[in-house]
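Visitor: Contents of work.txt (compact mmCIF, C-alpha atoms (C1' of nucleotides)) are given next:
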```txt
# COMPACT_ATOMS: atom_id res chain seq x y z
CA MET A 119 -3.81 21.60 14.62
CA LEU A 120 -4.72 18.11 15.75
CA PHE A 121 -2.43 15.12 15.34
CA ARG A 122 -4.13 11.75 15.28
CA VAL A 123 -2.42 8.47 14.50
CA ASP A 124 -3.56 4.86 14.23
CA PRO A 125 -0.79 2.28 14.68
CA ALA A 126 -3.18 -0.45 13.52
CA SER A 127 -3.75 1.20 10.14
CA SER A 128 -2.02 -0.13 7.06
CA VAL A 129 -0.85 3.33 6.07
CA PRO A 130 2.61 4.09 7.50
CA LEU A 131 2.77 6.26 10.63
CA GLY A 132 5.01 8.79 8.90
CA ASP A 133 2.47 9.17 6.11
CA GLN A 134 -0.32 9.56 8.63
CA ILE A 135 1.54 12.39 10.35
CA ALA A 136 2.16 14.08 7.00
CA ALA A 137 -1.53 13.60 6.21
CA CYS A 138 -2.48 15.37 9.45
CA VAL A 139 -0.57 18.46 8.37
CA ARG A 140 -1.99 18.31 4.84
CA GLY A 141 -5.49 17.91 6.20
CA ALA A 142 -5.10 20.72 8.73
CA LEU A 143 -3.81 22.94 5.94
CA ALA A 144 -6.73 21.95 3.73
CA ASP A 145 -9.45 22.64 6.27
CA GLY A 146 -7.92 25.83 7.63
CA SER A 147 -6.90 24.61 11.09
CA ALA A 148 -3.29 25.32 10.15
CA GLU A 149 -1.92 28.26 8.20
CA PRO A 150 1.16 29.06 6.12
CA GLY A 151 3.95 30.46 8.30
CA GLU A 152 2.83 28.35 11.26
CA ARG A 153 5.43 26.29 13.10
CA LEU A 154 4.99 22.56 13.55
CA PRO A 155 5.77 20.91 16.89
CA ALA A 156 9.36 19.78 17.36
CA ALA A 157 9.95 16.23 16.16
CA ARG A 158 10.98 14.79 19.53
CA GLU A 159 8.12 16.52 21.28
CA LEU A 160 5.50 15.29 18.80
CA ALA A 161 7.03 11.82 18.84
CA ASP A 162 6.69 11.72 22.62
CA SER A 163 3.15 13.02 22.48
CA LEU A 164 2.10 10.42 19.91
CA GLY A 165 4.02 7.57 21.49
CA VAL A 166 6.03 7.21 18.31
CA ASN A 167 9.69 7.24 17.38
CA VAL A 168 11.48 10.45 16.35
CA HIS A 169 12.49 8.91 13.04
CA THR A 170 8.88 8.30 12.20
CA VAL A 171 7.89 11.92 12.78
CA LEU A 172 10.94 13.14 10.88
CA ARG A 173 10.08 10.91 7.96
CA GLY A 174 6.65 12.49 7.78
CA TYR A 175 8.24 15.95 7.92
CA GLN A 176 10.73 15.00 5.20
CA ARG A 177 7.90 13.91 2.97
CA LEU A 178 6.13 17.22 3.50
CA ARG A 179 9.35 19.04 2.60
CA GLU A 180 9.65 17.03 -0.61
CA GLU A 181 6.14 18.17 -1.40
CA GLY A 182 7.17 21.75 -0.80
CA LEU A 183 4.70 22.23 2.05
CA ILE A 184 7.15 22.90 4.87
CA GLU A 185 10.71 24.09 5.50
CA LEU A 186 13.08 22.33 7.88
CA ARG A 187 16.11 23.88 9.56
CA ARG A 188 18.15 22.74 12.50
CA GLY A 189 17.60 24.66 15.66
CA ARG A 190 14.57 26.40 14.22
CA GLY A 191 12.15 23.55 13.55
CA ALA A 192 9.56 22.85 10.90
CA VAL A 193 7.61 25.75 9.44
CA ILE A 194 4.77 25.65 6.92
CA VAL A 195 6.02 27.42 3.81
CA PRO A 196 4.58 30.94 3.82
CA GLY A 197 2.31 31.48 0.87
CA VAL A 198 2.03 27.83 -0.04
CA ALA A 199 -1.19 26.75 -1.73
CA ALA A 200 -3.24 24.52 0.55
CA PRO A 201 -4.08 21.07 -0.78
CA ASP A 202 -7.74 21.20 -1.70
CA ARG A 203 -10.38 19.08 -0.13
CA ALA A 204 -12.77 20.48 -2.71
CA ARG A 205 -11.20 18.35 -5.43
CA LEU A 206 -11.79 15.21 -3.42
CA VAL A 207 -15.42 16.14 -2.93
CA SER A 208 -15.93 16.84 -6.62
CA ARG A 209 -14.35 13.50 -7.53
CA LEU A 210 -16.64 11.70 -5.16
CA ARG A 211 -19.59 13.48 -6.69
CA GLU A 212 -18.61 12.34 -10.16
CA ALA A 213 -18.23 8.81 -8.90
CA ALA A 214 -21.58 8.99 -7.15
CA ALA A 215 -23.25 10.25 -10.32
CA GLU A 216 -21.80 7.37 -12.31
CA ALA A 217 -22.89 4.89 -9.67
CA ARG A 218 -26.41 6.24 -9.89
CA GLU A 219 -26.39 5.87 -13.67
CA LEU A 220 -25.27 2.27 -13.27
CA GLY A 221 -28.12 1.60 -10.91
CA LEU A 222 -25.98 0.75 -7.92
CA THR A 223 -27.67 0.85 -4.56
CA GLU A 224 -26.26 3.02 -1.80
CA ALA A 225 -24.98 -0.09 -0.05
CA GLU A 226 -23.23 -1.34 -3.19
CA PHE A 227 -21.64 2.04 -3.80
CA LEU A 228 -20.39 2.34 -0.24
CA GLU A 229 -19.06 -1.21 -0.35
CA LEU A 230 -17.16 -0.34 -3.52
CA ALA A 231 -15.82 2.81 -1.86
CA ARG A 232 -14.71 0.77 1.12
CA THR A 233 -12.78 -1.74 -0.97
CA SER A 234 -11.19 1.14 -2.86
CA LEU A 235 -9.41 2.17 0.31
CA GLY A 236 -7.39 -1.04 0.07
CA MET B 1043 -5.32 -6.21 -23.92
CA LEU B 1044 -1.82 -5.18 -22.92
CA PHE B 1045 -0.18 -6.16 -19.65
CA ARG B 1046 2.66 -3.99 -18.47
CA VAL B 1047 4.30 -4.21 -15.08
CA ASP B 1048 7.06 -2.30 -13.31
CA PRO B 1049 8.81 -4.27 -10.55
CA ALA B 1050 10.59 -1.09 -9.42
CA SER B 1051 7.34 0.71 -8.68
CA SER B 1052 6.15 1.06 -5.12
CA VAL B 1053 2.69 -0.14 -6.07
CA PRO B 1054 2.33 -3.91 -5.61
CA LEU B 1055 2.61 -6.06 -8.74
CA GLY B 1056 -0.80 -7.59 -8.10
CA ASP B 1057 -2.39 -4.15 -8.04
CA GLN B 1058 -0.60 -3.20 -11.24
CA ILE B 1059 -2.00 -6.26 -12.98
CA ALA B 1060 -5.49 -5.45 -11.73
CA ALA B 1061 -5.03 -1.89 -12.97
CA CYS B 1062 -4.16 -3.19 -16.45
CA VAL B 1063 -7.47 -5.01 -16.69
CA ARG B 1064 -9.40 -2.07 -15.25
CA GLY B 1065 -7.81 0.28 -17.75
CA ALA B 1066 -8.32 -2.03 -20.72
CA LEU B 1067 -11.95 -2.42 -19.77
CA ALA B 1068 -12.43 1.31 -19.37
CA ASP B 1069 -10.82 2.27 -22.68
CA GLY B 1070 -12.45 -0.46 -24.72
CA SER B 1071 -9.42 -2.64 -25.41
CA ALA B 1072 -11.13 -5.38 -23.43
CA GLU B 1073 -14.78 -6.32 -23.47
CA PRO B 1074 -17.30 -7.97 -21.18
CA GLY B 1075 -17.34 -11.74 -21.67
CA GLU B 1076 -13.69 -11.74 -22.67
CA ARG B 1077 -11.43 -14.26 -21.02
CA LEU B 1078 -8.26 -13.17 -19.23
CA PRO B 1079 -5.05 -15.13 -19.75
CA ALA B 1080 -4.59 -18.08 -17.45
CA ALA B 1081 -2.79 -17.13 -14.26
CA ARG B 1082 0.21 -19.42 -14.83
CA GLU B 1083 0.50 -18.31 -18.43
CA LEU B 1084 0.38 -14.59 -17.62
CA ALA B 1085 2.76 -15.09 -14.73
CA ASP B 1086 5.25 -16.73 -17.09
CA SER B 1087 4.82 -13.99 -19.66
CA LEU B 1088 5.39 -11.22 -17.11
CA GLY B 1089 8.21 -13.00 -15.30
CA VAL B 1090 6.14 -12.97 -12.16
CA ASN B 1091 4.86 -15.58 -9.73
CA VAL B 1092 1.45 -17.21 -10.19
CA HIS B 1093 0.34 -16.10 -6.74
CA THR B 1094 0.99 -12.49 -7.66
CA VAL B 1095 -1.24 -12.68 -10.74
CA LEU B 1096 -3.92 -14.48 -8.76
CA ARG B 1097 -3.82 -11.75 -6.13
CA GLY B 1098 -4.57 -9.18 -8.81
CA TYR B 1099 -7.40 -11.35 -10.15
CA GLN B 1100 -8.85 -11.75 -6.66
CA ARG B 1101 -8.93 -8.00 -6.24
CA LEU B 1102 -10.78 -7.61 -9.54
CA ARG B 1103 -13.30 -10.15 -8.37
CA GLU B 1104 -13.86 -8.23 -5.13
CA GLU B 1105 -14.58 -5.20 -7.28
CA GLY B 1106 -17.13 -7.17 -9.25
CA LEU B 1107 -15.24 -6.84 -12.53
CA ILE B 1108 -14.40 -10.47 -13.25
CA GLU B 1109 -15.55 -13.97 -12.41
CA LEU B 1110 -13.15 -16.73 -11.43
CA ARG B 1111 -13.82 -20.46 -11.69
CA ARG B 1112 -11.52 -23.44 -11.65
CA GLY B 1113 -10.95 -25.08 -14.96
CA ARG B 1114 -12.59 -22.19 -16.78
CA GLY B 1115 -10.34 -19.26 -15.95
CA ALA B 1116 -10.97 -15.58 -15.39
CA VAL B 1117 -13.76 -13.96 -17.37
CA ILE B 1118 -14.77 -10.33 -17.46
CA VAL B 1119 -18.28 -10.07 -16.05
CA PRO B 1120 -20.58 -10.25 -19.07
CA GLY B 1121 -22.71 -7.29 -17.96
CA VAL B 1122 -23.24 -4.40 -20.38
CA ALA B 1123 -22.13 -1.93 -17.70
CA ALA B 1124 -18.75 -3.56 -17.07
CA PRO B 1125 -16.62 -0.83 -18.73
CA ASP B 1126 -18.49 1.90 -16.86
CA ARG B 1127 -18.10 0.00 -13.65
CA ALA B 1128 -14.37 -0.27 -14.26
CA ARG B 1129 -14.16 3.48 -14.70
CA LEU B 1130 -16.18 4.02 -11.55
CA VAL B 1131 -13.79 1.80 -9.63
CA SER B 1132 -10.81 3.72 -10.99
CA ARG B 1133 -12.32 7.05 -9.92
CA LEU B 1134 -13.10 5.73 -6.48
CA ARG B 1135 -9.53 4.57 -6.11
CA GLU B 1136 -8.25 8.03 -7.04
CA ALA B 1137 -10.61 9.60 -4.54
CA ALA B 1138 -9.52 7.12 -1.88
CA ALA B 1139 -5.87 7.98 -2.51
CA GLU B 1140 -6.60 11.69 -2.09
CA ALA B 1141 -8.57 11.05 1.07
CA ARG B 1142 -5.62 9.18 2.47
CA GLU B 1143 -3.31 12.10 1.64
CA LEU B 1144 -5.60 14.41 3.56
CA GLY B 1145 -5.67 12.10 6.55
CA LEU B 1146 -9.35 11.20 6.41
CA THR B 1147 -10.36 8.14 8.36
CA GLU B 1148 -12.30 5.32 6.68
CA ALA B 1149 -15.45 6.48 8.47
CA GLU B 1150 -14.99 10.06 7.34
CA PHE B 1151 -14.36 8.98 3.77
CA LEU B 1152 -17.42 6.74 3.66
CA GLU B 1153 -19.54 9.49 5.21
CA LEU B 1154 -18.34 11.85 2.49
CA ALA B 1155 -19.13 9.23 -0.15
CA ARG B 1156 -22.59 8.74 1.31
CA THR B 1157 -23.44 12.43 1.25
CA SER B 1158 -22.11 12.65 -2.30
CA LEU B 1159 -24.98 10.45 -3.44
CA GLY B 1160 -27.36 13.27 -2.58
C1' DC C 113 28.55 28.82 26.00
C1' DC C 114 24.42 26.07 26.33
C1' DC C 115 20.08 24.47 24.85
C1' DT C 116 17.03 23.34 21.22
C1' DT C 117 16.25 21.06 16.94
C1' DG C 118 17.01 18.81 12.71
C1' DT C 119 20.49 15.26 10.48
C1' DT C 120 22.76 11.09 10.18
C1' DT C 121 24.19 6.42 11.32
C1' DG C 122 23.83 1.61 12.90
C1' DC C 123 21.33 -2.30 14.50
C1' DA C 124 17.23 -5.19 15.37
C1' DC C 125 12.52 -6.39 14.89
C1' DT C 126 8.11 -6.98 12.43
C1' DC C 127 5.10 -7.10 8.58
C1' DT C 128 4.01 -7.27 3.76
C1' DA C 129 4.87 -8.48 -1.02
C1' DC C 130 6.83 -11.73 -3.60
C1' DT C 131 8.76 -16.15 -4.86
C1' DA C 132 8.73 -21.23 -4.81
C1' DG C 133 6.83 -25.75 -4.75
C1' DA C 134 3.27 -28.84 -3.93
C1' DA C 135 -1.25 -30.84 -3.52
C1' DC C 136 -6.23 -30.29 -4.23
C1' DA C 137 -10.79 -29.54 -6.74
C1' DA C 138 -13.86 -27.93 -10.35
C1' DT C 139 -14.40 -27.57 -15.31
C1' DG C 140 -14.47 -28.81 -19.99
C1' DA C 141 -12.70 -31.45 -23.96
C1' DG C 142 -11.71 -36.02 -25.86
C1' DC D 1415 -14.97 -41.92 -17.92
C1' DT D 1416 -10.21 -39.93 -18.62
C1' DC D 1417 -7.38 -36.33 -18.57
C1' DA D 1418 -5.31 -31.84 -19.15
C1' DT D 1419 -6.50 -27.20 -17.73
C1' DT D 1420 -7.15 -23.82 -14.23
C1' DG D 1421 -8.30 -21.66 -9.98
C1' DT D 1422 -7.68 -22.67 -4.75
C1' DT D 1423 -5.21 -23.66 -0.77
C1' DC D 1424 -1.10 -24.62 1.95
C1' DT D 1425 3.59 -24.26 3.61
C1' DA D 1426 7.97 -22.04 3.60
C1' DG D 1427 11.51 -19.03 2.37
C1' DT D 1428 13.46 -14.20 0.87
C1' DA D 1429 13.81 -9.15 0.35
C1' DG D 1430 12.44 -4.70 1.47
C1' DA D 1431 9.95 -1.16 3.98
C1' DG D 1432 8.44 0.68 8.30
C1' DT D 1433 9.43 1.21 12.87
C1' DG D 1434 11.84 1.34 17.30
C1' DC D 1435 16.03 2.24 20.05
C1' DA D 1436 20.31 4.59 20.83
C1' DA D 1437 23.90 7.59 19.97
C1' DA D 1438 26.62 11.20 17.93
C1' DC D 1439 26.73 15.37 15.03
C1' DA D 1440 25.61 20.25 13.23
C1' DA D 1441 23.19 24.58 12.80
C1' DG D 1442 20.39 28.28 15.12
C1' DG D 1443 19.13 31.18 18.94
C1' DG D 1444 19.27 33.05 23.72
```
Using the file provided, produce a representation of the structure as structure tokens.
Guide:
Amino acid sequence: MLFRVDPASSVPLGDQIAACVRGALADGSAEPGERLPAARELADSLGVNVHTVLRGYQRLREEGLIELRRGRGAVIVPGVAAPDRARLVSRLREAAAEARELGLTEAEFLELARTSLG
Amino acid sequence: MLFRVDPASSVPLGDQIAACVRGALADGSAEPGERLPAARELADSLGVNVHTVLRGYQRLREEGLIELRRGRGAVIVPGVAAPDRARLVSRLREAAAEARELGLTEAEFLELARTSLG
DNA sequence: CCCTTGTTTGCACTCTACTAGAACAATGAG
DNA sequence: CTCATTGTTCTAGTAGAGTGCAAACAAGGG
């Protein structure tokens, strides 16, 4: 599982960390039952504060993706359903189809997609 | 066209206002050529600052949904495809939100969008 | 017991969204 | 032309979220 973080991004660091786990789970590079790196360790490795990592972990717990226990660490809930990347792809396909119907050029469509990211 | 806004929500007021117009356009309760309420007027009506309304309008302009001119106000782009375009924008925003949850970078998202065009 | 690891608390800093007030510049109506 | 309307721009202040830093606390495991 790869953790990547961009301090310059507008999306909060904690959310980015949570997104890494979600993404890894979605593309198979992480599996249910797997243990996440300890908060302090990951924080050090990313050059980020412990609170920030913990906040990402908390969010994942709220989503039911991981379990947190003192002394044991963070573990991906065994048997949890992975968030699907397939749905994102299918949504993009629908959008692309509509764009084609509207006669948008590729450049216009991509520009629209870019602004959609906020 | 109905404007509803929730100050307690985590999504910015300006974005909420923009979403109102997008939705109204998509579901037919607003039509191309129609004029949006004046910024100061809408701001008063919603109990919100003028700048906040204007920010929402600006975003709609970036998306190509409305035109803004001094003295004339905000007008929904009088193209026949405006409602469809509004729906396309909404779908792209949903897709963008999912991409963010999965930790995709802007480049990865745009690449995915590009390949979706076939 | 000791070490690891999550949990909680308190303070300070920065950035964004929002509010507030004012002045400016097109536009259209009279 | 005159003038009210309306978007545009500017400055400045406020509140909250995100983050960093530091410390103390509690549960689990060797």
Visitor: Please write out chain A, superposed on chain B by least squares over all C-alpha atoms matched in order, as a compact mmCIF listing (two decimals) with C-alpha atoms, keeping the file's coordinate frame.
Guide:
```
# COMPACT_ATOMS: atom_id res chain seq x y z
CA MET A 119 -5.20 -4.59 -22.20
CA LEU A 120 -2.27 -3.53 -20.06
CA PHE A 121 -1.01 -5.52 -17.10
CA ARG A 122 0.90 -3.56 -14.50
CA VAL A 123 2.04 -4.91 -11.16
CA ASP A 124 3.89 -3.46 -8.18
CA PRO A 125 5.61 -6.05 -5.97
CA ALA A 126 6.28 -3.34 -3.37
CA SER A 127 2.59 -2.57 -2.92
CA SER A 128 0.73 -3.87 0.09
CA VAL A 129 -2.09 -5.21 -2.06
CA PRO A 130 -1.47 -8.84 -3.05
CA LEU A 131 -0.11 -9.49 -6.56
CA GLY A 132 -3.05 -11.74 -7.40
CA ASP A 133 -5.47 -8.97 -6.47
CA GLN A 134 -3.50 -6.49 -8.54
CA ILE A 135 -3.75 -8.73 -11.59
CA ALA A 136 -7.49 -9.14 -11.05
CA ALA A 137 -7.73 -5.37 -10.66
CA CYS A 138 -6.01 -4.89 -14.04
CA VAL A 139 -8.72 -6.93 -15.74
CA ARG A 140 -11.49 -5.15 -13.83
CA GLY A 141 -10.01 -1.78 -14.69
CA ALA A 142 -9.52 -2.65 -18.36
CA LEU A 143 -13.12 -3.83 -18.48
CA ALA A 144 -14.28 -0.63 -16.79
CA ASP A 145 -12.46 1.76 -19.11
CA GLY A 146 -13.20 -0.15 -22.30
CA SER A 147 -9.69 -1.41 -23.09
CA ALA A 148 -11.01 -4.96 -22.71
CA GLU A 149 -14.33 -6.35 -23.87
CA PRO A 150 -16.61 -9.26 -23.00
CA GLY A 151 -15.71 -12.36 -25.02
CA GLU A 152 -12.04 -11.38 -25.07
CA ARG A 153 -9.46 -13.98 -24.07
CA LEU A 154 -6.97 -13.29 -21.31
CA PRO A 155 -3.31 -14.27 -21.71
CA ALA A 156 -2.43 -17.78 -20.60
CA ALA A 157 -1.44 -17.97 -16.95
CA ARG A 158 2.11 -19.21 -17.51
CA GLU A 159 2.69 -16.69 -20.25
CA LEU A 160 1.44 -13.74 -18.18
CA ALA A 161 3.37 -14.99 -15.17
CA ASP A 162 6.56 -15.02 -17.22
CA SER A 163 5.85 -11.60 -18.65
CA LEU A 164 5.23 -10.09 -15.21
CA GLY A 165 8.07 -11.93 -13.51
CA VAL A 166 5.57 -13.57 -11.20
CA ASN A 167 4.64 -17.11 -10.26
CA VAL A 168 1.91 -19.04 -12.11
CA HIS A 169 0.01 -19.58 -8.88
CA THR A 170 -0.20 -15.87 -8.35
CA VAL A 171 -1.72 -15.24 -11.78
CA LEU A 172 -4.10 -18.17 -11.35
CA ARG A 173 -5.22 -16.84 -8.00
CA GLY A 174 -6.12 -13.55 -9.62
CA TYR A 175 -8.02 -15.42 -12.35
CA GLN A 176 -9.82 -17.54 -9.75
CA ARG A 177 -10.94 -14.42 -7.96
CA LEU A 178 -12.30 -12.98 -11.20
CA ARG A 179 -14.19 -16.23 -11.80
CA GLU A 180 -15.72 -16.04 -8.32
CA GLU A 181 -16.88 -12.57 -9.25
CA GLY A 182 -18.44 -13.94 -12.41
CA LEU A 183 -16.26 -11.82 -14.69
CA ILE A 184 -14.41 -14.58 -16.50
CA GLU A 185 -14.69 -18.27 -17.39
CA LEU A 186 -11.83 -20.72 -16.98
CA ARG A 187 -11.43 -24.02 -18.81
CA ARG A 188 -8.44 -26.25 -19.26
CA GLY A 189 -6.89 -26.17 -22.66
CA ARG A 190 -8.95 -23.16 -23.66
CA GLY A 191 -7.80 -20.47 -21.25
CA ALA A 192 -9.49 -17.58 -19.52
CA VAL A 193 -12.26 -15.73 -21.33
CA ILE A 194 -14.17 -12.65 -20.20
CA VAL A 195 -17.78 -13.72 -19.77
CA PRO A 196 -19.70 -12.57 -22.85
CA GLY A 197 -22.35 -10.07 -21.93
CA VAL A 198 -21.04 -9.40 -18.46
CA ALA A 199 -21.70 -5.95 -17.03
CA ALA A 200 -18.48 -3.97 -16.71
CA PRO A 201 -17.61 -2.73 -13.24
CA ASP A 202 -18.30 0.98 -13.28
CA ARG A 203 -15.71 3.61 -12.74
CA ALA A 204 -18.53 6.13 -12.75
CA ARG A 205 -19.64 5.02 -9.29
CA LEU A 206 -16.19 5.65 -7.90
CA VAL A 207 -16.17 9.13 -9.38
CA SER A 208 -19.59 9.95 -7.97
CA ARG A 209 -18.52 8.74 -4.52
CA LEU A 210 -15.46 10.92 -4.64
CA ARG A 211 -17.61 13.85 -5.62
CA GLU A 212 -19.87 13.32 -2.63
CA ALA A 213 -16.86 13.10 -0.38
CA ALA A 214 -15.39 16.23 -1.91
CA ALA A 215 -18.65 18.11 -1.39
CA GLU A 216 -18.72 17.10 2.26
CA ALA A 217 -15.11 18.11 2.70
CA ARG A 218 -15.91 21.52 1.28
CA GLU A 219 -18.83 21.91 3.68
CA LEU A 220 -16.51 21.05 6.56
CA GLY A 221 -14.08 23.69 5.45
CA LEU A 222 -11.21 21.33 4.75
CA THR A 223 -8.43 22.66 2.59
CA GLU A 224 -7.43 20.81 -0.55
CA ALA A 225 -4.28 19.61 1.19
CA GLU A 226 -6.24 18.29 4.18
CA PHE A 227 -8.70 16.51 1.93
CA LEU A 228 -5.98 14.89 -0.14
CA GLU A 229 -4.13 13.86 3.01
CA LEU A 230 -7.31 12.23 4.29
CA ALA A 231 -7.76 10.48 0.94
CA ARG A 232 -4.20 9.24 1.10
CA THR A 233 -4.58 7.74 4.56
CA SER A 234 -7.82 6.12 3.43
CA LEU A 235 -5.86 3.96 1.05
CA GLY A 236 -4.32 2.23 4.07
```
Visitor: Would you mind listing, for every residue of region 1059-1132 of chain B within 12 Å of region 122-130 of chain C, the two atoms forming the shortest contact and the distance between them in Å to one decimal, using all atoms listed in the file, sorted by chain and ascending residue number, as JSON lines?
Guide:
```
{"residue": "B:Gly1089", "atom": "CA", "partner": "C:DC130", "partner_atom": "C1'", "distance": 11.8}
{"residue": "B:Val1090", "atom": "CA", "partner": "C:DC130", "partner_atom": "C1'", "distance": 8.7}
{"residue": "B:Asn1091", "atom": "CA", "partner": "C:DC130", "partner_atom": "C1'", "distance": 7.5}
{"residue": "B:Val1092", "atom": "CA", "partner": "C:DC130", "partner_atom": "C1'", "distance": 10.1}
{"residue": "B:His1093", "atom": "CA", "partner": "C:DC130", "partner_atom": "C1'", "distance": 8.4}
{"residue": "B:Thr1094", "atom": "CA", "partner": "C:DC130", "partner_atom": "C1'", "distance": 7.2}
{"residue": "B:Val1095", "atom": "CA", "partner": "C:DC130", "partner_atom": "C1'", "distance": 10.8}
{"residue": "B:Arg1097", "atom": "CA", "partner": "C:DA129", "partner_atom": "C1'", "distance": 10.6}
```
Visitor: Taking all atoms listed in the file into account, find every residue of chain B that has an atom no more than 7 Å from chain C, and write it out as a PDB file with C-alpha atoms, keeping the file's coordinate frame.
Guide:
```pdb
ATOM      1  CA  PRO B1054       2.330  -3.910  -5.610  1.00  0.00           C
ATOM      2  CA  ASN B1091       4.860 -15.580  -9.730  1.00  0.00           C
ATOM      3  CA  ARG B1112     -11.520 -23.440 -11.650  1.00  0.00           C
ATOM      4  CA  GLY B1113     -10.950 -25.080 -14.960  1.00  0.00           C
ATOM      5  CA  ARG B1114     -12.590 -22.190 -16.780  1.00  0.00           C
TER       6      ARG B1114
END
```
Visitor: When you get a sec, could you note down which chain B residues fall within 6 Å of chain A, using all atoms listed in the file, as a PyMOL selection string?
Guide: chain B and resi 1130+1135+1137-1138+1143-1145+1158-1159
Visitor: Counting all atoms listed in the file, a student should be able to say which residues of chain B come within 9 Å of chain D; what is the right answer, written as a list in words?
Guide: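 Per the criterion, chain B yields Ala1080, Ala1081, Arg1082, Leu1096, Leu1110, Arg1111, Arg1112, Gly1113, Arg1114, Gly1115 and Ala1116 of chain B.
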Visitor: Enclose the full set of atoms of region 181-197 of chain A listed in the file within a box whose edges lie along x, y and z, apply 8 Å of padding to each of the six sides, and report centre and edge lengths in Å to one decimal as AutoDock Vina command-line options.
Guide:
```
--center_x 10.2 --center_y 24.8 --center_z 7.1 --size_x 31.8 --size_y 29.3 --size_z 33.1
```
Visitor: Return the single residue from B:Ala1050, B:Leu1107, B:Leu1084, B:Leu1055 that is closest to Ala1072 (chain B), with distances computed using all atoms listed in the file.
Guide: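 Answer, going by the shortest atom-to-atom distance: B:Leu1107.
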Visitor: To one decimal in Å, tell me the separation between CA of Gly151 (chain A) and CA of Glu180 (chain A).
Guide: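 It comes out at 17.1 Å.
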Visitor: To one decimal place in Å, what is the distance between CA of Glu181 (chain A) and CA of Glu159 (chain A)?
Guide: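 That distance, rounded to one decimal, is 22.8 Å.
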Visitor: Could you jot down the CA of Tyr1099 (chain B) to CA of Gly1056 (chain B) separation for me, Å, one decimal place?
Guide: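 These atoms are spaced 7.9 Å apart.
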